[in-house]
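Engineer: I am sharing work12.cif, which consists of mmCIF, C-alpha atoms:
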data_structure
#
loop_
_atom_site.label_atom_id
_atom_site.label_comp_id
_atom_site.auth_asym_id
_atom_site.auth_seq_id
_atom_site.Cartn_x
_atom_site.Cartn_y
_atom_site.Cartn_z
CA MET A 21 -111.36 -185.28 187.66
CA LEU A 22 -108.29 -187.54 187.63
CA SER A 23 -110.00 -190.07 185.39
CA SER A 24 -111.10 -187.26 183.07
CA ALA A 25 -107.52 -186.00 182.78
CA ILE A 26 -106.23 -189.49 182.00
CA ARG A 27 -108.93 -190.09 179.38
CA SER A 28 -108.11 -186.79 177.69
CA LEU A 29 -104.56 -188.05 177.14
CA TRP A 30 -105.92 -190.47 174.54
CA THR A 31 -109.08 -188.69 173.40
CA SER A 32 -109.09 -185.81 170.95
CA ARG A 33 -111.80 -183.20 171.48
CA PRO A 34 -114.28 -182.55 168.62
CA SER A 35 -112.94 -179.00 168.22
CA GLU A 36 -109.36 -180.23 167.73
CA ASP A 37 -107.59 -181.15 164.51
CA PRO A 38 -105.73 -184.45 165.08
CA PRO A 39 -102.75 -183.62 162.81
CA LEU A 40 -101.95 -180.63 165.01
CA HIS A 41 -101.16 -183.05 167.82
CA GLY A 42 -98.52 -184.63 165.62
CA LEU A 43 -96.97 -181.28 164.79
CA ARG A 44 -96.90 -180.23 168.44
CA ALA A 45 -95.34 -183.54 169.51
CA LEU A 46 -92.69 -183.32 166.78
CA SER A 47 -91.76 -179.78 167.78
CA LEU A 48 -91.25 -180.94 171.38
CA LEU A 49 -89.15 -183.95 170.37
CA MET A 50 -86.92 -181.81 168.15
CA ILE A 51 -86.28 -179.36 170.98
CA LEU A 52 -85.52 -182.18 173.41
CA GLY A 53 -83.13 -183.71 170.90
CA LEU A 54 -81.34 -180.40 170.44
CA HIS A 55 -80.91 -179.75 174.16
CA TYR A 56 -79.70 -183.28 174.83
CA TRP A 57 -77.12 -182.95 172.07
CA LEU A 58 -75.95 -179.56 173.33
CA ALA A 59 -75.70 -180.90 176.88
CA LEU A 60 -73.49 -183.75 175.71
CA GLY A 61 -71.25 -181.21 174.01
CA GLN A 62 -70.96 -179.11 177.16
CA LEU A 63 -70.05 -182.21 179.15
CA GLY A 64 -67.44 -183.17 176.58
CA ILE A 65 -68.96 -186.61 175.94
CA ALA A 66 -70.70 -185.96 172.62
CA PRO A 67 -69.73 -188.38 169.84
CA GLU A 68 -68.06 -187.10 166.69
CA PRO A 69 -70.66 -187.40 163.91
CA SER A 70 -70.21 -186.49 160.28
CA LEU A 71 -70.32 -182.82 159.34
CA LEU A 72 -73.83 -183.10 157.90
CA ALA A 73 -75.12 -185.03 160.93
CA GLU A 74 -73.67 -182.48 163.33
CA ARG A 75 -75.11 -179.63 161.28
CA SER A 76 -78.56 -181.26 161.34
CA LEU A 77 -78.42 -181.89 165.09
CA ASN A 78 -77.47 -178.29 165.83
CA ARG A 79 -80.38 -177.09 163.72
CA LEU A 80 -83.05 -179.01 165.55
CA ASP A 81 -83.85 -175.60 166.99
CA CYS A 82 -86.29 -175.44 164.08
CA GLY A 83 -88.63 -177.29 166.43
CA MET A 84 -89.21 -173.92 168.08
CA ASP A 85 -90.07 -172.40 164.68
CA LEU A 86 -92.64 -175.17 164.17
CA PHE A 87 -94.10 -174.44 167.59
CA PHE A 88 -94.43 -170.72 166.84
CA VAL A 89 -96.05 -171.43 163.46
CA LEU A 90 -98.53 -173.73 165.17
CA SER A 91 -99.18 -171.18 167.91
CA GLY A 92 -99.80 -168.40 165.39
CA PHE A 93 -102.29 -170.59 163.54
CA LEU A 94 -104.23 -171.59 166.66
CA ILE A 95 -104.47 -168.06 168.02
CA ALA A 96 -105.47 -166.62 164.63
CA ARG A 97 -108.11 -169.29 164.11
CA MET A 98 -109.45 -168.74 167.61
CA LEU A 99 -109.85 -165.01 167.03
CA LYS A 100 -111.21 -165.50 163.52
CA ASP A 101 -113.84 -168.02 164.62
CA SER A 102 -114.84 -166.03 167.72
CA PRO A 103 -115.46 -162.44 166.60
CA THR A 104 -117.29 -161.68 169.86
CA LEU A 105 -114.50 -163.00 172.08
CA ALA A 106 -113.79 -160.26 174.64
CA ALA A 107 -110.25 -159.15 175.37
CA GLY A 108 -110.64 -160.01 179.04
CA GLN A 109 -111.83 -163.52 178.18
CA PHE A 110 -108.96 -164.06 175.76
CA TYR A 111 -106.34 -162.92 178.26
CA TRP A 112 -107.92 -164.97 181.04
CA ASN A 113 -107.79 -168.12 178.94
CA ARG A 114 -104.15 -167.49 178.05
CA LEU A 115 -103.29 -166.72 181.68
CA ILE A 116 -104.88 -169.92 182.95
CA ARG A 117 -103.17 -171.97 180.26
CA ILE A 118 -99.63 -170.67 180.76
CA ALA A 119 -99.06 -168.92 184.08
CA PRO A 120 -99.75 -171.54 186.81
CA ALA A 121 -97.48 -174.25 185.43
CA PHE A 122 -94.88 -171.63 184.54
CA LEU A 123 -94.85 -170.11 188.03
CA ILE A 124 -94.54 -173.47 189.74
CA PHE A 125 -91.65 -174.45 187.51
CA VAL A 126 -89.88 -171.13 188.03
CA ALA A 127 -90.24 -171.48 191.81
CA CYS A 128 -88.91 -175.06 191.83
CA ASN A 129 -86.09 -174.19 189.48
CA ALA A 130 -85.13 -171.24 191.70
CA LEU A 131 -84.88 -173.58 194.68
CA VAL A 132 -82.56 -175.84 192.71
CA VAL A 133 -80.39 -172.86 191.75
CA LEU A 134 -80.28 -171.71 195.38
CA TYR A 135 -79.19 -175.19 196.44
CA PHE A 136 -76.29 -175.17 194.02
CA ALA A 137 -75.46 -171.62 195.03
CA SER A 138 -75.07 -172.82 198.61
CA LEU A 139 -72.42 -175.27 197.37
CA ALA A 140 -70.57 -172.71 195.28
CA GLY A 141 -68.73 -170.98 198.12
CA THR A 142 -67.74 -167.41 197.32
CA GLN A 143 -69.45 -167.58 193.92
CA GLY A 144 -72.78 -168.29 195.57
CA ASN A 145 -73.61 -164.61 196.08
CA ALA A 146 -73.13 -163.88 192.38
CA ILE A 147 -75.37 -166.82 191.47
CA ARG A 148 -78.07 -165.60 193.84
CA ARG A 149 -77.92 -162.07 192.43
CA GLU A 150 -78.21 -163.40 188.91
CA LEU A 151 -81.16 -165.53 190.04
CA ILE A 152 -83.02 -162.51 191.39
CA VAL A 153 -82.48 -160.58 188.15
CA GLY A 154 -83.57 -163.59 186.11
CA LEU A 155 -86.71 -164.03 188.23
CA CYS A 156 -87.73 -160.42 187.63
CA TYR A 157 -87.43 -160.73 183.88
CA ASP A 158 -89.08 -164.17 183.83
CA LEU A 159 -92.11 -162.93 185.76
CA LEU A 160 -92.41 -159.94 183.42
CA TYR A 161 -91.97 -162.20 180.37
CA LEU A 162 -89.16 -159.97 179.13
CA ASN A 163 -86.37 -162.51 179.47
CA ASN A 164 -85.99 -162.91 175.70
CA TYR A 165 -84.92 -159.27 175.40
CA ALA A 166 -83.12 -158.89 178.72
CA GLY A 167 -80.80 -161.86 178.25
CA HIS A 168 -81.43 -162.87 181.88
CA SER A 169 -83.55 -165.82 182.97
CA THR A 170 -83.67 -168.56 185.57
CA ALA A 171 -83.53 -171.17 182.77
CA ILE A 172 -82.17 -170.91 179.25
CA HIS A 173 -85.34 -172.17 177.54
CA LEU A 174 -87.87 -169.78 179.11
CA TRP A 175 -87.22 -167.07 176.50
CA SER A 176 -89.82 -168.71 174.26
CA LEU A 177 -92.52 -167.99 176.85
CA GLY A 178 -91.56 -164.33 176.55
CA VAL A 179 -92.14 -164.45 172.79
CA GLU A 180 -95.48 -166.22 173.26
CA VAL A 181 -96.84 -163.82 175.88
CA GLN A 182 -95.72 -160.76 173.91
CA PHE A 183 -97.59 -162.18 170.93
CA TYR A 184 -100.69 -162.77 173.04
CA LEU A 185 -100.65 -159.17 174.25
CA VAL A 186 -100.86 -157.65 170.76
CA ALA A 187 -102.62 -160.35 168.72
CA PRO A 188 -106.24 -159.60 169.73
CA TRP A 189 -105.91 -155.90 168.98
CA ILE A 190 -104.29 -156.51 165.61
CA PHE A 191 -106.87 -159.08 164.55
CA TRP A 192 -109.83 -157.10 165.80
CA ALA A 193 -108.60 -153.87 164.17
CA LEU A 194 -108.30 -155.60 160.78
CA ARG A 195 -111.43 -157.70 160.97
CA LYS A 196 -113.63 -155.29 159.04
CA VAL A 197 -111.16 -154.85 156.17
CA LYS A 198 -110.70 -158.27 154.61
CA TRP A 199 -108.09 -157.24 152.05
CA ALA A 200 -105.92 -155.84 154.86
CA TRP A 201 -105.27 -159.33 156.26
CA PRO A 202 -102.98 -160.63 153.53
CA LEU A 203 -101.25 -157.25 153.28
CA PHE A 204 -100.57 -157.07 156.99
CA LEU A 205 -99.42 -160.68 157.25
CA ALA A 206 -97.17 -160.26 154.21
CA LEU A 207 -95.50 -157.30 155.91
CA ALA A 208 -95.16 -159.35 159.09
CA LEU A 209 -93.37 -162.01 157.03
CA ILE A 210 -91.09 -159.63 155.17
CA THR A 211 -90.11 -157.22 157.96
CA PRO A 212 -88.33 -159.76 160.23
CA PHE A 213 -86.38 -161.07 157.23
CA ALA A 214 -85.22 -157.56 156.37
CA LEU A 215 -84.27 -156.88 159.99
CA ARG A 216 -82.36 -160.16 160.30
CA LEU A 217 -80.56 -159.36 157.07
CA ALA A 218 -79.65 -155.90 158.38
CA TYR A 219 -78.58 -157.14 161.82
CA GLY A 220 -76.64 -160.11 160.52
CA VAL A 221 -76.66 -161.73 163.96
CA GLN A 222 -78.08 -165.21 164.17
CA GLY A 223 -78.23 -165.20 167.96
CA ALA A 224 -80.49 -162.15 168.01
CA ALA A 225 -82.84 -163.80 165.52
CA TYR A 226 -83.30 -166.68 167.93
CA GLN A 227 -84.84 -164.84 170.88
CA PHE A 228 -86.15 -161.41 169.89
CA THR A 229 -89.88 -161.30 169.19
CA HIS A 230 -89.65 -158.73 166.41
CA LEU A 231 -87.19 -161.02 164.60
CA ARG A 232 -89.31 -164.14 165.13
CA MET A 233 -92.77 -162.75 164.42
CA ASP A 234 -92.71 -164.09 160.86
CA SER A 235 -93.09 -167.60 162.28
CA LEU A 236 -96.22 -166.47 164.14
CA ALA A 237 -97.41 -164.57 161.05
CA ALA A 238 -96.87 -167.59 158.79
CA GLY A 239 -99.03 -169.71 161.07
CA SER A 240 -101.65 -166.96 161.31
CA LEU A 241 -101.83 -166.77 157.52
CA VAL A 242 -102.77 -170.46 157.34
CA ALA A 243 -105.90 -169.71 159.38
CA PHE A 244 -107.11 -167.41 156.58
CA LEU A 245 -106.17 -169.56 153.60
CA PRO A 246 -108.78 -171.66 151.82
CA SER A 247 -108.59 -175.38 152.41
CA PRO A 248 -106.44 -177.26 149.86
CA VAL A 249 -109.50 -179.40 149.03
CA GLU A 250 -111.77 -176.44 148.22
CA SER A 251 -110.62 -176.26 144.61
CA GLN A 252 -109.33 -178.78 142.08
CA LEU A 253 -106.23 -176.67 141.43
CA LEU A 254 -105.20 -176.48 145.07
CA SER A 255 -105.94 -180.15 145.56
CA SER A 256 -103.71 -181.11 142.61
CA LEU A 257 -100.84 -179.06 144.04
CA ARG A 258 -100.83 -180.75 147.45
CA SER A 259 -98.19 -183.33 146.63
CA LEU A 260 -95.98 -180.73 145.00
CA GLY A 261 -96.37 -178.41 148.00
CA ALA A 262 -95.43 -181.16 150.44
CA LEU A 263 -92.37 -182.08 148.38
CA LEU A 264 -91.19 -178.47 148.12
CA ALA A 265 -91.70 -177.90 151.85
CA ALA A 266 -89.75 -181.06 152.71
CA LEU A 267 -86.92 -180.04 150.37
CA ALA A 268 -86.84 -176.54 151.87
CA LEU A 269 -86.53 -177.96 155.39
CA ALA A 270 -83.80 -180.36 154.30
CA PHE A 271 -81.92 -177.49 152.70
CA CYS A 272 -82.18 -175.44 155.91
CA LEU A 273 -80.82 -178.35 157.92
CA LEU A 274 -77.88 -179.10 155.66
CA CYS A 275 -76.87 -175.76 154.15
CA PRO A 276 -73.48 -174.42 155.33
CA GLU A 277 -73.68 -171.34 157.52
CA THR A 278 -71.11 -169.63 155.30
CA VAL A 279 -73.74 -169.10 152.59
CA GLY A 280 -74.53 -165.39 152.37
CA GLY A 281 -77.42 -164.19 154.54
CA TYR A 282 -77.97 -167.66 156.00
CA SER A 283 -79.06 -166.37 159.42
CA ALA A 284 -81.66 -164.18 157.71
CA TRP A 285 -83.28 -166.41 155.11
CA ARG A 286 -83.02 -169.71 156.97
CA TYR A 287 -85.73 -168.73 159.43
CA SER A 288 -87.98 -167.32 156.71
CA LEU A 289 -87.70 -170.48 154.63
CA GLN A 290 -88.37 -172.69 157.65
CA HIS A 291 -91.46 -170.71 158.63
CA VAL A 292 -92.96 -170.88 155.14
CA ALA A 293 -92.16 -174.60 154.86
CA PHE A 294 -93.72 -175.41 158.24
CA ALA A 295 -96.78 -173.28 157.44
CA THR A 296 -97.15 -175.14 154.14
CA LEU A 297 -97.02 -178.53 155.87
CA LEU A 298 -99.52 -177.31 158.47
CA TRP A 299 -101.88 -176.15 155.73
CA LEU A 300 -101.57 -179.44 153.87
CA ALA A 301 -102.06 -181.47 157.04
CA LEU A 302 -105.52 -179.96 157.50
CA ALA A 303 -106.73 -181.73 154.34
CA PRO A 304 -107.21 -185.50 153.88
CA GLY A 305 -104.10 -187.28 152.71
CA ALA A 306 -101.00 -189.17 153.74
CA LEU A 307 -99.56 -186.26 155.74
CA ARG A 308 -102.73 -185.88 157.78
CA PHE A 309 -102.87 -189.64 158.32
CA LEU A 310 -99.30 -189.78 159.66
CA LEU A 311 -99.66 -186.75 161.92
CA SER A 312 -103.02 -187.95 163.25
CA ALA A 313 -101.62 -191.21 164.64
CA ARG A 314 -102.79 -191.78 168.22
CA VAL A 315 -99.22 -192.05 169.47
CA TRP A 316 -98.76 -188.27 169.08
CA LEU A 317 -101.77 -187.26 171.17
CA PRO A 318 -100.47 -187.99 174.69
CA ILE A 319 -97.11 -186.41 173.86
CA ALA A 320 -98.88 -183.31 172.60
CA ARG A 321 -101.11 -183.17 175.69
CA VAL A 322 -98.14 -183.07 178.06
CA SER A 323 -95.88 -181.04 175.77
CA TYR A 324 -96.12 -177.77 177.70
CA GLY A 325 -95.18 -179.33 181.03
CA ALA A 326 -92.54 -181.50 179.39
CA TYR A 327 -90.99 -178.44 177.79
CA LEU A 328 -90.95 -176.56 181.07
CA TRP A 329 -89.42 -179.39 183.07
CA HIS A 330 -87.16 -181.13 180.56
CA MET A 331 -83.99 -179.35 181.67
CA LEU A 332 -84.54 -180.38 185.30
CA ALA A 333 -86.32 -183.73 185.12
CA GLY A 334 -84.78 -184.94 181.87
CA GLY A 335 -81.35 -183.61 182.78
CA TYR A 336 -81.42 -185.30 186.16
CA GLY A 337 -82.56 -188.64 184.74
CA ALA A 338 -80.04 -188.68 181.89
CA SER A 339 -77.14 -187.56 184.08
CA ALA A 340 -77.96 -190.23 186.67
CA TRP A 341 -77.99 -192.88 183.94
CA LEU A 342 -74.74 -191.73 182.35
CA ASN A 343 -72.96 -191.31 185.68
CA SER A 344 -73.83 -194.89 186.57
CA LYS A 345 -71.83 -196.09 183.54
CA GLY A 346 -68.48 -194.90 184.80
CA ALA A 347 -65.80 -192.97 182.95
CA THR A 348 -66.19 -194.73 179.58
CA ILE A 349 -69.56 -194.18 177.92
CA THR A 350 -70.44 -195.91 174.67
CA GLN A 351 -72.58 -194.46 171.91
CA TRP A 352 -75.35 -196.92 172.68
CA GLN A 353 -75.40 -195.72 176.27
CA LEU A 354 -75.72 -192.17 174.98
CA VAL A 355 -78.70 -193.28 172.89
CA VAL A 356 -80.31 -194.86 175.94
CA GLY A 357 -79.53 -191.67 177.83
CA PHE A 358 -81.53 -189.72 175.26
CA PHE A 359 -84.57 -191.93 175.79
CA VAL A 360 -84.18 -191.51 179.54
CA PHE A 361 -83.99 -187.75 179.01
CA VAL A 362 -87.16 -187.73 176.90
CA GLY A 363 -88.94 -190.18 179.19
CA MET A 364 -88.28 -188.15 182.32
CA ALA A 365 -89.36 -184.94 180.58
CA ILE A 366 -92.61 -186.52 179.42
CA LEU A 367 -93.20 -188.01 182.88
CA ALA A 368 -92.79 -184.57 184.44
CA GLY A 369 -95.13 -183.17 181.81
CA LEU A 370 -97.65 -185.90 182.59
CA VAL A 371 -97.65 -185.01 186.28
CA SER A 372 -98.01 -181.33 185.44
CA PHE A 373 -100.90 -182.05 183.09
CA ILE A 374 -102.84 -184.32 185.45
CA VAL A 375 -102.27 -182.42 188.68
CA LEU A 376 -102.36 -178.83 187.45
CA GLU A 377 -103.06 -178.13 183.78
CA SER A 378 -106.08 -180.36 183.18
CA PRO A 379 -108.02 -179.19 186.26
CA LEU A 380 -107.37 -175.58 185.34
CA LEU A 381 -108.76 -176.15 181.84
CA GLN A 382 -112.19 -176.17 183.47
CA LEU A 383 -111.74 -172.50 184.35
CA ARG A 384 -111.25 -171.42 180.76
CA ARG A 385 -114.06 -170.12 178.58
CA GLY A 386 -114.51 -170.19 174.83
CA HIS A 387 -112.09 -171.84 172.43
CA ARG A 388 -109.19 -173.89 173.68
CA LYS A 389 -105.63 -174.13 172.52
#
As structure tokens, how would this structure be written, given the file I've shared?
Structural biologist:
Amino acid sequence: MLSSAIRSLWTSRPSEDPPLHGLRALSLLMILGLHYWLALGQLGIAPEPSLLAERSLNRLDCGMDLFFVLSGFLIARMLKDSPTLAAGQFYWNRLIRIAPAFLIFVACNALVVLYFASLAGTQGNAIRRELIVGLCYDLLYLNNYAGHSTAIHLWSLGVEVQFYLVAPWIFWALRKVKWAWPLFLALALITPFALRLAYGVQGAAYQFTHLRMDSLAAGSLVAFLPSPVESQLLSSLRSLGALLAALALAFCLLCPETVGGYSAWRYSLQHVAFATLLWLALAPGALRFLLSARVWLPIARVSYGAYLWHMLAGGYGASAWLNSKGATITQWQLVVGFFVFVGMAILAGLVSFIVLESPLLQLRRGHRK
């Protein structure tokens, strides 16, 4: 079983699309880069980059948008290709994939919080009370709405699970009416934009499922689009589509937040751009070639565990490295610290994958994600 898990780190299954590994790995690396940068800012040791560089670093949160687009595509394709997939089987597969690693991380993270609470003196009781509240919402996967969690990055699991709960029923209800698919998905793309525009609060758009469902819808739409190689017209537009998607992402990264409605349209534009790149990556071409490189596969395999543990394992490794350098830390040491941060996160993800996730894959039935 151990050798099988190790082999799977470098071997893509026949049912998998290699470029999706590249997209998953890139989404993880963007999120890790964002959290490392934010941690440096909280510690007061972040360098002073140019305005455009700082703006781009702060907007690496688009890695989460890419992840949601990818997730929407995989779930939609699974349900589309498996019309007889039972609800119980779908939920069992999702439960086995997410819950065990999540529960172990939450338990370990709670122990770490309790340890620091024991060192906090009179503030320890408040920390423990907050931990209990956060645990309740984490275990119910409602932390993205409650604003309470045992770790700041677990809100995304709330969005994912809430999507899993409704996706089968939506897809199965619309399966017999083909024309209803594009209409429903178009509404799912437009409604969050309108709500974000009405709310005008960028923070709310970051965690609430009803304001992020257009990323999941954009990915789902790709599963129902024809391949870009199925017609000469679509094939001839591939290069133009890739260029427009890249320009849209660059604009989202560099556009000033003072532009009207930025917190509303930025997410919509990112989701459409990522969905376009995903769609193009499924067809032969340079984009598929780059995203299918073998280097992405092991990172993608351990991405779930690495995401769960990066705040603990990566944070510990990077802080140990930076603390060893004394009071004065150079920019090159910060760069090395980032690689330590990423390396420790991936190492933790590797352990999680080999010890827990890969063995549990044997308990799943049907399609895999």
Engineer: Hey, what's within 8 Å of range 77-79 of chain A if we count all atoms listed in the file and toss same-chain stuff fewer than 2 positions away? As a list of chain:residue names, please?
Structural biologist: A:Gly53, A:Leu54, A:Trp57, A:Leu58, A:Ala73, A:Glu74, A:Arg75, A:Asp81, A:Cys82, A:Leu273
Engineer: Please write the residues from the selection above to a file, keeping C-alpha atoms, as a PDB file, keeping the file's coordinate frame.
Structural biologist:
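This is the output file selection_6.pdb:
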ATOM      1  CA  GLY A  53     -83.130-183.710 170.900  1.00  0.00           C
ATOM      2  CA  LEU A  54     -81.340-180.400 170.440  1.00  0.00           C
ATOM      3  CA  TRP A  57     -77.120-182.950 172.070  1.00  0.00           C
ATOM      4  CA  LEU A  58     -75.950-179.560 173.330  1.00  0.00           C
ATOM      5  CA  ALA A  73     -75.120-185.030 160.930  1.00  0.00           C
ATOM      6  CA  GLU A  74     -73.670-182.480 163.330  1.00  0.00           C
ATOM      7  CA  ARG A  75     -75.110-179.630 161.280  1.00  0.00           C
ATOM      8  CA  ASP A  81     -83.850-175.600 166.990  1.00  0.00           C
ATOM      9  CA  CYS A  82     -86.290-175.440 164.080  1.00  0.00           C
ATOM     10  CA  LEU A 273     -80.820-178.350 157.920  1.00  0.00           C
TER      11      LEU A 273
END
Engineer: Taking all atoms listed in the file into account, name the residue in A:Leu300, A:Leu381, A:Leu241, A:Leu215 that is nearest to Leu260 in chain A.
Structural biologist: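 For Leu260 in chain A, the nearest of the given residues is A:Leu300.
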Engineer: What is the distance between CA of Arg216 in chain A and CA of Leu159 in chain A, in Å to one decimal?
Structural biologist: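 According to the coordinates, CA of Arg216 in chain A and CA of Leu159 in chain A are separated by 27.4 Å.
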Engineer: Considering all atoms listed in the file, return as a list of chain:residue names whatever protein or nucleic-acid residues lie within 12 Å of Leu131 in chain A, sequence-local ones (same chain, fewer than 4 positions apart) excluded.
Structural biologist: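 Here the qualifying residues turn out to be A:Ile124, A:Phe125, A:Val126, A:Ala127, A:Tyr135, A:Phe136, A:Ala137, A:Ser138, A:Arg148, A:Leu151, A:Ile152, A:Leu155, A:Thr170, A:Leu332.
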Engineer: I would like the residues chosen by the PyMOL selection byres ((chain A and resi 32-44) around 6) on the shown file; could you give them as a ChimeraX atom specification?
Structural biologist: /A:31,45-47,308,311-312,316-317,320
Engineer: Return as an mmCIF file with C-alpha atoms, in the frame of the given file the set of residues that the PyMOL selection byres ((chain A and resi 94) around 10) yields on the displayed structure.
Structural biologist:
data_model
loop_
_atom_site.group_PDB
_atom_site.id
_atom_site.type_symbol
_atom_site.label_atom_id
_atom_site.label_comp_id
_atom_site.auth_asym_id
_atom_site.auth_seq_id
_atom_site.Cartn_x
_atom_site.Cartn_y
_atom_site.Cartn_z
ATOM 1 C CA LEU A 40 -101.950 -180.630 165.010
ATOM 2 C CA PHE A 88 -94.430 -170.720 166.840
ATOM 3 C CA VAL A 89 -96.050 -171.430 163.460
ATOM 4 C CA LEU A 90 -98.530 -173.730 165.170
ATOM 5 C CA SER A 91 -99.180 -171.180 167.910
ATOM 6 C CA GLY A 92 -99.800 -168.400 165.390
ATOM 7 C CA PHE A 93 -102.290 -170.590 163.540
ATOM 8 C CA ILE A 95 -104.470 -168.060 168.020
ATOM 9 C CA ALA A 96 -105.470 -166.620 164.630
ATOM 10 C CA ARG A 97 -108.110 -169.290 164.110
ATOM 11 C CA MET A 98 -109.450 -168.740 167.610
ATOM 12 C CA LEU A 99 -109.850 -165.010 167.030
ATOM 13 C CA LYS A 100 -111.210 -165.500 163.520
ATOM 14 C CA LEU A 236 -96.220 -166.470 164.140
ATOM 15 C CA GLY A 239 -99.030 -169.710 161.070
ATOM 16 C CA SER A 240 -101.650 -166.960 161.310
ATOM 17 C CA VAL A 242 -102.770 -170.460 157.340
ATOM 18 C CA ALA A 243 -105.900 -169.710 159.380
ATOM 19 C CA HIS A 387 -112.090 -171.840 172.430
ATOM 20 C CA ARG A 388 -109.190 -173.890 173.680
ATOM 21 C CA LYS A 389 -105.630 -174.130 172.520
#
Engineer: Using Å and a single decimal, report how far CA of Tyr324 in chain A sits from CA of Val356 in chain A.
Structural biologist: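 Going from CA of Val356 in chain A over to CA of Tyr324 in chain A, I get 23.3 Å.
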Engineer: Selected by the PyMOL selection byres ((chain A and resi 162) around 10) in the shown coordinates: which residues, as number ranges by chain?
Structural biologist: A: 154, 156-161, 163-169, 174-175, 177-179, 181-182, 228
Engineer: Could you give me, as a compact mmCIF listing (two decimals) with C-alpha atoms, in the coordinates of the input, the residues within 12 Å of range 283-287 of chain A, counting only C-alpha atoms and dropping anything in the same chain fewer than 6 positions from it?
Structural biologist:
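Result saved to result_24.txt:
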# COMPACT_ATOMS: atom_id res chain seq x y z
CA ARG A 79 -80.38 -177.09 163.72
CA ASP A 81 -83.85 -175.60 166.99
CA CYS A 82 -86.29 -175.44 164.08
CA GLY A 83 -88.63 -177.29 166.43
CA MET A 84 -89.21 -173.92 168.08
CA ASP A 85 -90.07 -172.40 164.68
CA LEU A 86 -92.64 -175.17 164.17
CA PHE A 88 -94.43 -170.72 166.84
CA VAL A 89 -96.05 -171.43 163.46
CA LEU A 209 -93.37 -162.01 157.03
CA ILE A 210 -91.09 -159.63 155.17
CA THR A 211 -90.11 -157.22 157.96
CA PRO A 212 -88.33 -159.76 160.23
CA PHE A 213 -86.38 -161.07 157.23
CA ALA A 214 -85.22 -157.56 156.37
CA LEU A 215 -84.27 -156.88 159.99
CA ARG A 216 -82.36 -160.16 160.30
CA LEU A 217 -80.56 -159.36 157.07
CA ALA A 218 -79.65 -155.90 158.38
CA TYR A 219 -78.58 -157.14 161.82
CA GLY A 220 -76.64 -160.11 160.52
CA VAL A 221 -76.66 -161.73 163.96
CA GLN A 222 -78.08 -165.21 164.17
CA GLY A 223 -78.23 -165.20 167.96
CA ALA A 224 -80.49 -162.15 168.01
CA ALA A 225 -82.84 -163.80 165.52
CA TYR A 226 -83.30 -166.68 167.93
CA LEU A 231 -87.19 -161.02 164.60
CA ARG A 232 -89.31 -164.14 165.13
CA MET A 233 -92.77 -162.75 164.42
CA ASP A 234 -92.71 -164.09 160.86
CA SER A 235 -93.09 -167.60 162.28
CA LEU A 236 -96.22 -166.47 164.14
CA ALA A 238 -96.87 -167.59 158.79
CA ALA A 268 -86.84 -176.54 151.87
CA LEU A 269 -86.53 -177.96 155.39
CA ALA A 270 -83.80 -180.36 154.30
CA PHE A 271 -81.92 -177.49 152.70
CA CYS A 272 -82.18 -175.44 155.91
CA LEU A 273 -80.82 -178.35 157.92
CA LEU A 274 -77.88 -179.10 155.66
CA CYS A 275 -76.87 -175.76 154.15
CA PRO A 276 -73.48 -174.42 155.33
CA GLU A 277 -73.68 -171.34 157.52
CA ALA A 293 -92.16 -174.60 154.86
CA PHE A 294 -93.72 -175.41 158.24
